[in-house]
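Everything below concerns the one structure shown next.
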Amino acid sequence: MGAIRRIGSMQDSAHAALLPPAYDPAAVEQKIYAFWERSGCFTAGRDPGKTPFAIVMPPPNVTGSLHLGHAWNNTLQDIIIRYKRMAGFDALYLPGTDHAGIATQTRVEKTLREESGLSRYDLGREAFVERVWAWKHRFGNLITNQIRALGASCDWSRERFTLDEGLSRAVRKVFVDLYREGLIYRGQRIINWCPRCATALSDIEVEHSEVQGTLYYVRYPLVNGEGEVVVATTRPETMFADVAVAVHPDDDRYQKMVGKRLRLPLTDREIPVIADSYVDPEYGSGCVKITPAHDPNDFEVGLRHQLEMPQCIGPDGRLTAWAGPYQGLTREAARAQVAADLAAQGYMVKEEALTHAVGHCSRCETVVEPYLSEQWFVRMQPLAEPALAALARGELRFIPDRFEKVFVHWLENVRDWCISRQLWWGHRIPAWYCTDCGGVTAAVDEPQRCEHCGSERIHQDEDVLDTWFSSALWPFSTLGWPDETGDYARYYPTHALVTAYDILFFWVARMVFTGLKFTGRMPFREVVVHGLIRAADGRKMSKSLGNGVDPLEVIDRYGADALRFTLTTGTSPGNDQRFAFEKVEGSRHFINKVWNAARFVLMNVPEGTELPALDRSRWELPERWILHRLNETIDAVTRYLDRYEFGEAGRVIYDFAWDDFCDWYIEFSKLALYGDDEARKQQVRAVLVCVLDTLLRLLHPFIPFVTEEIWQSLPLPGEALVTAAWPRVQPEWDHPAAAREAAAVMELVRAVRNLRAELNLPPSRAVPLVVHAQDDAWQTLFAANAAAIRRFCNVSTWQLTLAGEAPAQAVSAVTSGAQVYLPLAGVVDVATELERLRKEQVRLASELERAEKKLANPQFVAKAPAAVVAAEQAKADDFRTKLAALAARMELFRRV
RNA sequence: GCGGCUGUAGCUCAGAGGGAGAGCACCACCUUGACACGGUGGGGGCCACAGGUUCGAUUCCUGUCAGCCGCACCA
């Protein structure tokens with residue numbers, strides 16, 4: 001990043017002590033993001049020698065605003081990208097936005113209506129589309145700026161929009177190629193129609209939800225007056241488009257009816273009784289009215305029996321001329337009216353309450369109308385099959401893997417995809433119709449003449465493509481495909497795709513089969529699936545409930561890092577999480593803790609300090625232990641990140657930072673820093689800086705802002721943390737013995753603190769401490785750490801010997817390697833002390849019993865791994881030693 | 001109907017074939033020279049239930065119950 005130097009922040013203060021004791025994210029986040037962007041460190045491809053690693057961002061709606069789902073999704077992606085960047089990859093995080101056909105068009109139409117009372121038709125297509133573009137230019141960078149506020153390290157120089165010229169060309173090419181191969185066709189079919197949006201929808205844009213309805217049993221009399229059939233229907237208003245009544249061919253009750261003619265009530269029309277095995281004789285009356293234009297199953301029946309397909313409901317959801325006097329009524333009004341009239345005229349046999357699932361528009365919740373119309377479709381089976389085969393070959397990994405099953409099931413049962421939308425905002429279908437020969441010309445570039453007859457009298461299809469049609473190409477269209485660009489060659493296939501499970505079918509499946517079809521490869525190797533974010537009470541966040549939380553508000557109040565850390569530690573693979581402000585508060589506290597640990601280090605490493613190299617020979621127990629723990633932490637975080645276990649990774653560093661570094665090591669370090677051994681002081685400073693440096697690196701992908709801010713203040717080479725190297729385990733830091741020894745020292749300290757607390761001794765009161773070490777080795781250890789023990793426990797006089805005569809008037813505890821006594825004449829109550837010891841004895845005895853029982857089991861000794869048996873043996877020994885000491889102690893007390 | 005997820009401390013949730021964990025909340029004490037967005041100590045759980053596999057199950061398998069979510073739906 002050449003000319004860009006560090007931002008200059010903490011180190012500008014005269015002294016770290018002048019830094020505010022509470023971290024203020026608002027003061028630094030924008031400055032740091034600007035620094036990152038300016039430095040070019042997010043731009044991929046600057047070092048061709050590095051291995052590429054690419055993630056494409058799931059494009060949010062260009063005129064939408066960030067919600068917590070986006071925040072979560074982008075945080076996880078950014079963690080991966082930042083980690084990979086630090087680990088030496090040429091990391092590309094490709095951002096962009098989606099034109100979101102229906103949503104955006106609806107939004108602009110609404111404003112138009114509010115501002116001028118005009119509809120899009122009043123304006124005309126061209127003017128309206130212009131308006132949408134104006135809207136896009138006005139609000140289009142809102143969401144991308146919000147993604148910046150979150151800290152996402154996107155390569156903005158490669159930002160894409162689904163309606164960009166390049167991407168549009170990719171869309172047209174895919175359409176034309178599929179059309180020529182017969183994989184896209186146009187046909188008269190029943191599709192899902194939203195009367196409010198006035199457009200066709202694909203199957204997955206329909207949400208089925210249970211509705212309380214009525215099953216009407218209606219008499220259809222025979223024309224000859226010799227009887228009747230009773231049909232059951234939930235939609236009597238469609239009867240004007242009935243063309244038959246079907247019964248099962250084997251249904252004895254109705255066999256004689258087949259072929260007879262019925263008179264349709266409320267009309268003068270006659271319709272036949274037909275036989276079709278689609279009818280379930282068990283359900284309802286066993287007679288089904290057939291309405292091919294208004295029901296997908298009836299449509300199939302209609303095709304089989306070559307029936308007419310009249311429509312009695314129009315695209316606006318109102319009854320048509322076919323409904324005679326009912327024309328113009330809405331579906332709902334017509335249903336009520338028809339039911340009432342049928343009843344009044346004696347056709348209604350009965351009405352039964354019925355709950356059934358009804359399709360609703362996923363966008364506006366209007367009841368979807370199965371509607372017969374001419375639409376464009378993608379033939380799915382030939383595309384799904386190669387995808388299934390590739391999945392079976394293991395070319396795509398789902399994390400967690402259970403989502404593969406859902407995915408496969410969907411692909412196995414997928415139906416043709418309706419891709420035409422009766423909208424104006426989107427990619428216009430690249431198909432032209434010839435007025436003369438009626439032929440269709442599909443072309444990437446606007447054709448001058450019909451490719452069938454050469455006529456120039458051609459006009460383009462009015463409709464646009466489903467937005468997901470362009471999203472399906474996103475991983476390669478954004479990289480330049482169909483051109484063989486450098487980016488496409490270098491970054492495609494991308495590596496990981498991070499997404500919530502709710503768009504697996506909408507988006508992931510479609511990228512998979514178009515990717516395979518057009519690039520010959522899976523567009524990504526791994527799909528990292530996360531869940532949905534819910535309100536604190538577990539309900540979905542929604543506009544109607546008013547329980548949505550604006551991530552920008554969270555960022556304002558707590559900082560982007562706190563939001564990120566909350567979302568990250570709340571992640572468990574594939575599962576939903578609940579959002580609560582208390583959690584964000586917890587994250588903010590953690591960030592503040594890190595901030596203050598840094599303040600401590602800086603205050604003790606004055607400007608200009610020349611830090612010595614780490615020198616293992618000069619380390620004492622705290623240094624050996626903390627670096628050993630740091631190694632374990634580096635290893636764990638790296639492994640968890642490699643497995644996309646974000647929550648666990650975050651938790652592991654949290655524990656290290658707070659418990660090990662802050663609570664213990666910093667406290668240990670004070671002994672040296674406030675002492676007067678200059679050489680040791682320098683070594684401890686070096687260790688402090690090293691641990692803090694490493695900790696910041698490990699934390700950076702999770703909480704990038706605060707870590708960058710702190711890191712640039714440290715006396716270290718390098719310009720920015722964002723491009724610093726990811727830590728590696730240092731074999732020379734490994735020190736299992738130190739881990740055990742430190743554990744014993746800490747256990748001793750805790751035991752003394754516990755005694756003090758139980759005696760209600762205020763921390764300010766120094767107490768005498770007697771320690772009896774179990775053997776020479778333990779004695780050496782405790783002697784070496786006497787200063788720490790004395791400081792941590794506020795000890796006045798200190799006596800460390802090998803086990804010997806115990807002070808009588810004392811409270812005591814048994815720890816690994818030692819017995820500790822607080823000889824406090826007058827404070828000790830023999831009865832309470834005995835009771836305390838007895839409770840401890842009971843606890844230890846039960847532990848020992850458990851261990852001994854295990855060890856006494858020959859099967860356990862024979863079959864369990866040796867290490868497990870040895871560990872159990874060691875535990876038992878430890879318990880026995882402690883119990884013996886305890887028994888001796890109690891004996892002494894009884895004699896007093 | 002088919003498939004999946006969840007059930008662990010008061011709450012929110014991790015976890016893992018071998019001594020039950022965190023955060024918040026709670027109790028007690030503490031303005032110690034990084035931090036009260038803090039420190040120290042503490043209480044609290046037959047890990048939903050019943051079987052099975054195993055030397056050993058809270059963890060793996062089967063079933064039951066409860067909550068949730070997909071997919072498919074017959075009017």
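Residues are named by chain letter and number: chains run A, B, ... in the order of the structure tokens, numbers start at 1 in each chain, and ligands are numbered from 1 in the order shown.
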May I ask you to extract the residues of chain A within 8 Å of chain B, using only C-alpha atoms (C1' of nucleotides), and to give them as a VMD selection string? chain A and resid 21 to 22 232 to 234 279 to 280 283 to 284 288 to 289 406 410 570 575 578 582 to 583 585 to 586 588 to 590 592 to 593 596 to 601 648 753 to 754 757 to 758 760 762 to 763 847 857 to 864 868
Need the shell around Thr366 of chain A: protein/DNA/RNA residues with any atom at most 10 Å away, counting only C-alpha atoms (C1' of nucleotides). Skip same-chain ones fewer than 3 positions apart. Format as an mmCIF file with N, CA and C atoms, in the first residue's frame?
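Wrote it out as part.cif, contents follow:
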```
data_model
loop_
_atom_site.group_PDB
_atom_site.id
_atom_site.type_symbol
_atom_site.label_atom_id
_atom_site.label_comp_id
_atom_site.auth_asym_id
_atom_site.auth_seq_id
_atom_site.Cartn_x
_atom_site.Cartn_y
_atom_site.Cartn_z
ATOM 1 N N TRP A 193 -50.218 -16.758 -10.308
ATOM 2 C CA TRP A 193 -50.415 -15.361 -10.701
ATOM 3 C C TRP A 193 -50.767 -14.539 -9.464
ATOM 4 N N CYS A 194 -50.024 -13.445 -9.277
ATOM 5 C CA CYS A 194 -50.391 -12.562 -8.182
ATOM 6 C C CYS A 194 -51.206 -11.412 -8.761
ATOM 7 N N PRO A 195 -52.492 -11.351 -8.460
ATOM 8 C CA PRO A 195 -53.336 -10.306 -9.028
ATOM 9 C C PRO A 195 -52.920 -8.911 -8.574
ATOM 10 N N ARG A 196 -52.308 -8.807 -7.396
ATOM 11 C CA ARG A 196 -51.914 -7.488 -6.942
ATOM 12 C C ARG A 196 -50.653 -7.018 -7.663
ATOM 13 N N CYS A 197 -49.641 -7.917 -7.743
ATOM 14 C CA CYS A 197 -48.411 -7.565 -8.452
ATOM 15 C C CYS A 197 -48.619 -7.638 -9.962
ATOM 16 N N VAL A 206 -44.199 -18.748 -4.058
ATOM 17 C CA VAL A 206 -45.523 -18.921 -3.471
ATOM 18 C C VAL A 206 -45.362 -19.560 -2.099
ATOM 19 N N GLY A 359 -51.951 -20.900 -1.420
ATOM 20 C CA GLY A 359 -50.744 -20.200 -1.843
ATOM 21 C C GLY A 359 -50.892 -18.692 -1.740
ATOM 22 N N HIS A 360 -49.872 -18.041 -1.203
ATOM 23 C CA HIS A 360 -49.859 -16.586 -1.108
ATOM 24 C C HIS A 360 -48.597 -16.057 -1.763
ATOM 25 N N CYS A 361 -48.713 -14.883 -2.315
ATOM 26 C CA CYS A 361 -47.553 -14.238 -2.932
ATOM 27 C C CYS A 361 -46.516 -13.945 -1.844
ATOM 28 N N SER A 362 -45.297 -14.427 -2.034
ATOM 29 C CA SER A 362 -44.290 -14.255 -0.985
ATOM 30 C C SER A 362 -43.925 -12.781 -0.824
ATOM 31 N N ARG A 363 -44.271 -11.990 -1.818
ATOM 32 C CA ARG A 363 -43.913 -10.579 -1.766
ATOM 33 C C ARG A 363 -44.988 -9.761 -1.045
ATOM 34 N N GLU A 369 -53.435 -16.697 -7.616
ATOM 35 C CA GLU A 369 -54.432 -17.294 -8.491
ATOM 36 C C GLU A 369 -53.741 -18.227 -9.488
#
```
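Taking atom CA of Leu692 of chain A as the reference point, atom CA of Glu678 of chain A is found at 20.8 Å.
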Polymer residues at most 8 Å from segment 652-668 of chain A, only C-alpha atoms (C1' of nucleotides), same-chain spacing of 6 or more positions, as a ChimeraX atom specification: /A:590,593-594,597,622-623,626,629-630,633,636-637,688,695,698-699,788
Could you write out the selected residues, including N, CA, C and O atoms, as a PDB file, in the first residue's frame?
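Once everything was written out, this is part21.pdb:
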```
ATOM      1  N   PHE A 590     -16.738  -6.963  26.066  1.00  0.00           N
ATOM      2  CA  PHE A 590     -15.541  -7.711  25.689  1.00  0.00           C
ATOM      3  C   PHE A 590     -14.566  -6.830  24.901  1.00  0.00           C
ATOM      4  O   PHE A 590     -13.366  -6.802  25.153  1.00  0.00           O
ATOM      5  N   LYS A 593     -12.867  -4.604  27.049  1.00  0.00           N
ATOM      6  CA  LYS A 593     -11.854  -5.322  27.823  1.00  0.00           C
ATOM      7  C   LYS A 593     -10.546  -5.398  27.021  1.00  0.00           C
ATOM      8  O   LYS A 593      -9.462  -5.140  27.543  1.00  0.00           O
ATOM      9  N   VAL A 594     -10.688  -5.732  25.762  1.00  0.00           N
ATOM     10  CA  VAL A 594      -9.515  -5.813  24.890  1.00  0.00           C
ATOM     11  C   VAL A 594      -8.847  -4.436  24.794  1.00  0.00           C
ATOM     12  O   VAL A 594      -7.621  -4.305  24.879  1.00  0.00           O
ATOM     13  N   ALA A 597      -6.954  -3.831  27.932  1.00  0.00           N
ATOM     14  CA  ALA A 597      -5.737  -4.643  27.997  1.00  0.00           C
ATOM     15  C   ALA A 597      -4.660  -3.942  27.178  1.00  0.00           C
ATOM     16  O   ALA A 597      -3.499  -3.843  27.585  1.00  0.00           O
ATOM     17  N   PRO A 622       4.916 -17.569  34.251  1.00  0.00           N
ATOM     18  CA  PRO A 622       3.816 -16.893  33.551  1.00  0.00           C
ATOM     19  C   PRO A 622       4.055 -16.769  32.050  1.00  0.00           C
ATOM     20  O   PRO A 622       3.137 -16.951  31.250  1.00  0.00           O
ATOM     21  N   GLU A 623       5.285 -16.486  31.663  1.00  0.00           N
ATOM     22  CA  GLU A 623       5.584 -16.341  30.235  1.00  0.00           C
ATOM     23  C   GLU A 623       5.464 -17.693  29.525  1.00  0.00           C
ATOM     24  O   GLU A 623       4.893 -17.796  28.443  1.00  0.00           O
ATOM     25  N   ILE A 626       1.653 -18.519  29.362  1.00  0.00           N
ATOM     26  CA  ILE A 626       0.780 -17.732  28.477  1.00  0.00           C
ATOM     27  C   ILE A 626       1.114 -18.006  27.010  1.00  0.00           C
ATOM     28  O   ILE A 626       0.224 -18.055  26.154  1.00  0.00           O
ATOM     29  N   ARG A 629      -0.400 -21.291  26.110  1.00  0.00           N
ATOM     30  CA  ARG A 629      -1.843 -21.103  25.911  1.00  0.00           C
ATOM     31  C   ARG A 629      -2.121 -20.366  24.600  1.00  0.00           C
ATOM     32  O   ARG A 629      -3.095 -20.653  23.918  1.00  0.00           O
ATOM     33  N   LEU A 630      -1.259 -19.430  24.293  1.00  0.00           N
ATOM     34  CA  LEU A 630      -1.436 -18.687  23.041  1.00  0.00           C
ATOM     35  C   LEU A 630      -1.328 -19.648  21.861  1.00  0.00           C
ATOM     36  O   LEU A 630      -2.137 -19.599  20.929  1.00  0.00           O
ATOM     37  N   THR A 633      -4.376 -21.524  21.513  1.00  0.00           N
ATOM     38  CA  THR A 633      -5.454 -20.679  20.995  1.00  0.00           C
ATOM     39  C   THR A 633      -5.315 -20.462  19.489  1.00  0.00           C
ATOM     40  O   THR A 633      -6.296 -20.533  18.754  1.00  0.00           O
ATOM     41  N   ALA A 636      -6.469 -23.604  17.865  1.00  0.00           N
ATOM     42  CA  ALA A 636      -7.915 -23.834  17.934  1.00  0.00           C
ATOM     43  C   ALA A 636      -8.668 -22.880  17.006  1.00  0.00           C
ATOM     44  O   ALA A 636      -9.545 -23.294  16.248  1.00  0.00           O
ATOM     45  N   VAL A 637      -8.310 -21.599  17.052  1.00  0.00           N
ATOM     46  CA  VAL A 637      -9.023 -20.617  16.232  1.00  0.00           C
ATOM     47  C   VAL A 637      -8.852 -20.956  14.756  1.00  0.00           C
ATOM     48  O   VAL A 637      -9.800 -20.933  13.975  1.00  0.00           O
ATOM     49  N   LEU A 688       4.326  -9.255  26.573  1.00  0.00           N
ATOM     50  CA  LEU A 688       3.022  -8.569  26.555  1.00  0.00           C
ATOM     51  C   LEU A 688       2.682  -8.097  25.142  1.00  0.00           C
ATOM     52  O   LEU A 688       1.575  -8.297  24.657  1.00  0.00           O
ATOM     53  N   LEU A 695      -2.951 -11.773  19.678  1.00  0.00           N
ATOM     54  CA  LEU A 695      -4.370 -11.746  20.018  1.00  0.00           C
ATOM     55  C   LEU A 695      -5.143 -10.847  19.052  1.00  0.00           C
ATOM     56  O   LEU A 695      -6.219 -11.196  18.572  1.00  0.00           O
ATOM     57  N   LEU A 698      -5.590 -12.537  15.792  1.00  0.00           N
ATOM     58  CA  LEU A 698      -6.619 -13.583  15.848  1.00  0.00           C
ATOM     59  C   LEU A 698      -8.021 -12.977  15.904  1.00  0.00           C
ATOM     60  O   LEU A 698      -8.977 -13.534  15.383  1.00  0.00           O
ATOM     61  N   LEU A 699      -8.112 -11.832  16.533  1.00  0.00           N
ATOM     62  CA  LEU A 699      -9.418 -11.197  16.690  1.00  0.00           C
ATOM     63  C   LEU A 699      -9.831 -10.375  15.480  1.00  0.00           C
ATOM     64  O   LEU A 699     -11.008 -10.063  15.306  1.00  0.00           O
ATOM     65  N   ALA A 788       3.895 -13.729  43.281  1.00  0.00           N
ATOM     66  CA  ALA A 788       2.574 -13.666  42.665  1.00  0.00           C
ATOM     67  C   ALA A 788       1.504 -14.110  43.653  1.00  0.00           C
ATOM     68  O   ALA A 788       0.464 -13.453  43.809  1.00  0.00           O
TER      69      ALA A 788
END
```
Hey, what's within 12 Å of Arg639 of chain A if we count only C-alpha atoms (C1' of nucleotides) and toss same-chain stuff fewer than 5 positions away? As a list in words, please?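 Surrounding residues, per the criterion: Tyr83, Glu632, Thr633, Ile634, Tyr644, Glu645, Phe646, Glu648, Ala649, Gly650, Val652, Arg728 and Val729 of chain A.
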Quick one: residues within 12 Å of segment 394-405 of chain A, only C-alpha atoms (C1' of nucleotides), excluding same-chain residues fewer than 4 positions away - as a PyMOL selection string? (chain A and resi 386-390+409-412+493-505+508-509+512-513+516+520-531+572-575+642-646) or (chain B and resi 3-5+70-71)
Alpha helix (DSSP H) per DSSP on the backbone: members of segment 428-593 of chain A, as a ChimeraX atom specification: /A:467-471,474-477,486-491,510-519,551-558,560-569,581-593
Taking the DSSP secondary structure from the backbone, can you list the residues of segment 380-506 of chain A that are strand (DSSP E), as a ChimeraX atom specification? /A:397-399,417-418,420-421,431-434,440-442,458-460,464-465,494-500
Could you jot down the atom CA of Tyr492 of chain A to atom CA of Ala54 of chain A separation for me, Å, one decimal place?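 Computing the Euclidean distance for atom CA of Tyr492 of chain A and atom CA of Ala54 of chain A yields 7.8 Å.
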Residues at most 9 Å from Ala71 of chain A, counting only C-alpha atoms (C1' of nucleotides), excluding those fewer than 4 positions away in the same chain, as number ranges by chain? A: 66-67, 75-76, 147, 150, 551, 563-564, 567
Would you mind telling me which residue in B:A57, B:C47, B:C69, B:C26 lies nearest to U8 of chain B when using only C-alpha atoms (C1' of nucleotides)?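 Using only C-alpha atoms (C1' of nucleotides), the shortest distance to U8 of chain B belongs to B:C47.
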